[in-house]
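Note sheet for the following structure.
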Amino acid sequence: MNTPYKFKLKFPSDLDYIPPIRKFIAETLTVTQFTPKFAYRSEVIVDEICHNAIVHGSRSLNAEIELECEIYPDKFEFRVKDEGGKKEDLEKLKSVVKKSDVSALGLSEGNENRGLGLEIVRLLSEEIDMEIGENNKTTVRVVRKREDF
Amino acid sequence: MSVKIEKEQIKDKPELLLWKIAGSLGTESINDISSKFEEIINQNYKFLIAEMSNVNFISSAALGQFMGCRQMLVEKGGDMVFSGVNLDIKTKLSAMGALKIFKFYNELRTAINAYEWEVEKKPEKVYLSFPPELKFVPAVRQMVSRIAKQKGYSQRDAFRIETIVDEICNNAVEHGSVDQKKNIEATVIIGKEKIELEVVNTSDPNKIEHLKEISNSLKTLSPKHDERRGRGLALIKMLSNKLDINFSGDGTSVHVTKLREE
């Protein structure tokens, strides 16, 4: 098994950091011979997962987000860790990660945009799962396989 | 539906107050706004965040009242900002010219972060660990440059920062140990007035003495080494305000401080 390239990032839980971080991921994928299309779709996924982590997964003022990724020749895997959101948000997240039905997030209540991000992630990736650790620390893991083999 | 304004003190920030506003900010709400504001204007508060995610309507009269509140805070050296305003209300406020006067933040956390950045001048830290290969350096330097621009640094400042990052990271890769292949670790501490960069790598033991020589030569006016070597470090020294290189064990750590110029 080839040794993957490993990256780790820690940054403040602030939406301002998402554009530079997602572009960094896309650019590293491009230099490791993934196509621009793959890189851009991965950028979209990173954007959505990080956005969720910041908006719904950060309870304290000085919260940080941690992103770890491995780039293999045939796939890209990353994990985003946050300090965990409110119990009801975690339940909703679990439900959407398990199901493919966006109505899990109560679209009928006028929250049409809620859940759309994770549906986009599901559409563009091969695996998505989440783990809730101690004190509700949440890790969302996504795997994308190379598309142009 | 009447308006409800709850005030909340933010921990460790004695000059900052949060108003959690809910309901309809119709014309009838201006007395509520006024009386709530009277309570705080005579205390030490200079900065006010109006959290509006539960507001369903705002009238021009209420906006006018907020403008008056803001003006009084500005006269004390403070400010008033909004957070969590939904798109419909923001569109209406835009039509009323409010975007030219008030700052708007998508959510409360961002508003508080902005306060910490602007008023407390609190720096923010980003950590990155990446494989020691030259092909990753452009992405690293561009990320740091984009972060600087996102935080309000000028294009010129951001480009100089990018140059510094490029040189330090290239050195870390080129002089790094080919055997260990341990990731390079970069820490960026960015504040309103300066940026600090630290890059740590595992050095090639065959190159450490040469590195020390270059580092020492930077402290004198006339370097004795080959002119082509050491230009990168000399460039970093020209572009930054402080440069420290430390050699410990098998690791090299380069620490750079650059003051914001523009």
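Residue numbering restarts at 1 in every chain; chains get A, B, ... in the order shown in the structure tokens, and ligands count up from 1 in that same order.
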
(request) Output as a list in words the set of chain B residues within 9 Å of chain A, with distances taken over only C-alpha atoms. (result)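 Close enough to count are Glu107, Arg109, Thr110, Ile112, Asn113, Glu124, Lys125, Val126, Tyr127, Leu128, Ser129, Phe130, Pro131, Lys135, Phe136, Pro138, Ala139, Val140, Gln142, Met143, Val144, Ser145, Arg146, Ile147, Gln150, Lys151 and Asn183 of chain B.
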
(message) Based on the backbone DSSP call, show me all residues of region 154-251 of chain B assigned strand (DSSP E), as a list in words.
(response)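 Residues of region 154-251 of chain B classed as strand (DSSP E): Ile184, Glu185, Ala186, Thr187, Val188, Ile189, Ile190, Lys194, Ile195, Glu196, Leu197, Glu198, Val199, Val200, Asn201, Thr202, Lys242, Leu243, Asp244, Ile245, Asn246, Phe247, Ser248 and Gly251 of chain B.
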
(request) List every residue of region 16-254 of chain B that DSSP, applied to the backbone of this structure, assigns to alpha helix (DSSP H), and report them as an MDAnalysis selection string. (result) chainID B and resid 30:41 60:75 87:95 108:118 137:150 155:174 208:217 231:239

(message) Restricting the calculation to only C-alpha atoms: of A:Cys69, A:Val80, A:Ile120, A:Val143, which residue gets closest to Ile49 (chain A)?
(response)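 The shortest atom-to-atom distance to Ile49 (chain A) comes from A:Val80.
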
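Here CA of Phe82 (chain B) stands at a distance of 18.7 Å from CA of Glu120 (chain B).
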
(message) So that I can check the surroundings of Asn136 (chain A), please list as an NGL selection string every protein, DNA and RNA residue that reaches within 8 Å of it, counting only C-alpha atoms and ignoring chain neighbours fewer than 6 positions away.
(response) :A and (83-85)

(request) Mind giving me the straight-line distance from CA of Ser215 (chain B) to CA of Glu133 (chain B) in Å, one decimal? (result)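 That distance, rounded to one decimal, is 22.6 Å.
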
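CA of Lys258 (chain B) is found 5.4 Å from CA of Ile195 (chain B).
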
(message) If we count only C-alpha atoms and set the cut-off at 9 Å, which residues sit around Glu48 (chain A), ignoring sequence neighbours fewer than 4 positions away in its own chain? Please answer as a VMD selection string.
(response) chain A and resid 43 to 44 52 to 53 117 to 118 120 to 121

(request) Do a neighbour search on Leu233 (chain B) at 8 Å with only C-alpha atoms, toss out local chain neighbours closer than 4 positions, and write the hits as a PyMOL selection string. (result) chain B and resi 167-168+215+218+237

(message) Can you tell me which residues surround Pro132 (chain B) at a distance of at most 10 Å, considering only C-alpha atoms, apart from same-chain residues fewer than 5 positions away, and format the answer as a list in words?
(response)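 The residues that qualify are Tyr5 of chain A; Val137, Cys169, Asn170, Ala172, Val173, Glu174, His175, Gly176, Ser177, Val178, Gln180, Lys181, Lys182, Asn183, Ile184, Glu185, Asn201 and Thr202 of chain B.
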
Would you mind exporting N, CA, C and O atoms of the selected residues as an mmCIF file, in the first residue's frame?
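Ended up saving to result.cif:
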```cif
data_model
loop_
_atom_site.group_PDB
_atom_site.id
_atom_site.type_symbol
_atom_site.label_atom_id
_atom_site.label_comp_id
_atom_site.auth_asym_id
_atom_site.auth_seq_id
_atom_site.Cartn_x
_atom_site.Cartn_y
_atom_site.Cartn_z
ATOM 1 N N TYR A 5 0.233 11.039 1.289
ATOM 2 C CA TYR A 5 0.658 12.351 1.760
ATOM 3 C C TYR A 5 -0.300 12.742 2.875
ATOM 4 O O TYR A 5 -1.517 12.663 2.701
ATOM 5 N N VAL B 137 4.826 23.643 -1.661
ATOM 6 C CA VAL B 137 5.130 24.990 -1.155
ATOM 7 C C VAL B 137 4.232 26.076 -1.759
ATOM 8 O O VAL B 137 3.750 26.942 -1.019
ATOM 9 N N CYS B 169 9.779 27.976 3.537
ATOM 10 C CA CYS B 169 9.342 26.594 3.268
ATOM 11 C C CYS B 169 10.267 25.906 2.272
ATOM 12 O O CYS B 169 10.578 24.719 2.426
ATOM 13 N N ASN B 170 10.718 26.650 1.254
ATOM 14 C CA ASN B 170 11.672 26.063 0.304
ATOM 15 C C ASN B 170 12.933 25.620 1.041
ATOM 16 O O ASN B 170 13.460 24.527 0.804
ATOM 17 N N ALA B 172 13.177 24.861 4.196
ATOM 18 C CA ALA B 172 12.850 23.729 5.073
ATOM 19 C C ALA B 172 12.849 22.418 4.282
ATOM 20 O O ALA B 172 13.305 21.379 4.768
ATOM 21 N N VAL B 173 12.397 22.467 3.040
ATOM 22 C CA VAL B 173 12.372 21.253 2.213
ATOM 23 C C VAL B 173 13.783 20.925 1.723
ATOM 24 O O VAL B 173 14.259 19.797 1.837
ATOM 25 N N GLU B 174 14.468 21.938 1.195
ATOM 26 C CA GLU B 174 15.779 21.698 0.575
ATOM 27 C C GLU B 174 16.834 21.281 1.591
ATOM 28 O O GLU B 174 17.737 20.525 1.259
ATOM 29 N N HIS B 175 16.737 21.801 2.802
ATOM 30 C CA HIS B 175 17.734 21.476 3.820
ATOM 31 C C HIS B 175 17.232 20.428 4.793
ATOM 32 O O HIS B 175 17.882 20.152 5.799
ATOM 33 N N GLY B 176 16.094 19.884 4.483
ATOM 34 C CA GLY B 176 15.527 18.892 5.388
ATOM 35 C C GLY B 176 16.150 17.535 5.187
ATOM 36 O O GLY B 176 16.793 17.251 4.174
ATOM 37 N N SER B 177 15.966 16.698 6.173
ATOM 38 C CA SER B 177 16.535 15.362 6.138
ATOM 39 C C SER B 177 15.817 14.505 5.099
ATOM 40 O O SER B 177 14.589 14.421 5.111
ATOM 41 N N VAL B 178 16.607 13.900 4.183
ATOM 42 C CA VAL B 178 15.973 13.065 3.148
ATOM 43 C C VAL B 178 15.559 11.708 3.711
ATOM 44 O O VAL B 178 14.735 11.012 3.142
ATOM 45 N N GLN B 180 14.351 11.028 6.984
ATOM 46 C CA GLN B 180 13.237 10.948 7.917
ATOM 47 C C GLN B 180 11.866 11.199 7.300
ATOM 48 O O GLN B 180 10.889 10.610 7.695
ATOM 49 N N LYS B 181 11.804 12.084 6.347
ATOM 50 C CA LYS B 181 10.526 12.390 5.691
ATOM 51 C C LYS B 181 9.440 12.811 6.683
ATOM 52 O O LYS B 181 8.266 12.535 6.473
ATOM 53 N N LYS B 182 9.865 13.460 7.747
ATOM 54 C CA LYS B 182 8.873 13.925 8.716
ATOM 55 C C LYS B 182 8.257 15.212 8.172
ATOM 56 O O LYS B 182 8.927 16.022 7.534
ATOM 57 N N ASN B 183 6.994 15.383 8.424
ATOM 58 C CA ASN B 183 6.311 16.577 7.932
ATOM 59 C C ASN B 183 6.937 17.865 8.465
ATOM 60 O O ASN B 183 7.484 17.906 9.568
ATOM 61 N N ILE B 184 6.822 18.912 7.671
ATOM 62 C CA ILE B 184 7.216 20.242 8.107
ATOM 63 C C ILE B 184 6.024 20.855 8.840
ATOM 64 O O ILE B 184 4.865 20.658 8.435
ATOM 65 N N GLU B 185 6.307 21.570 9.926
ATOM 66 C CA GLU B 185 5.220 22.177 10.707
ATOM 67 C C GLU B 185 5.322 23.695 10.630
ATOM 68 O O GLU B 185 6.379 24.260 10.912
ATOM 69 N N ASN B 201 11.438 22.107 10.891
ATOM 70 C CA ASN B 201 11.650 20.897 10.100
ATOM 71 C C ASN B 201 12.785 20.071 10.704
ATOM 72 O O ASN B 201 13.535 20.559 11.555
ATOM 73 N N THR B 202 12.883 18.847 10.258
ATOM 74 C CA THR B 202 13.999 17.986 10.659
ATOM 75 C C THR B 202 15.115 18.216 9.647
ATOM 76 O O THR B 202 14.897 18.056 8.433
#
```
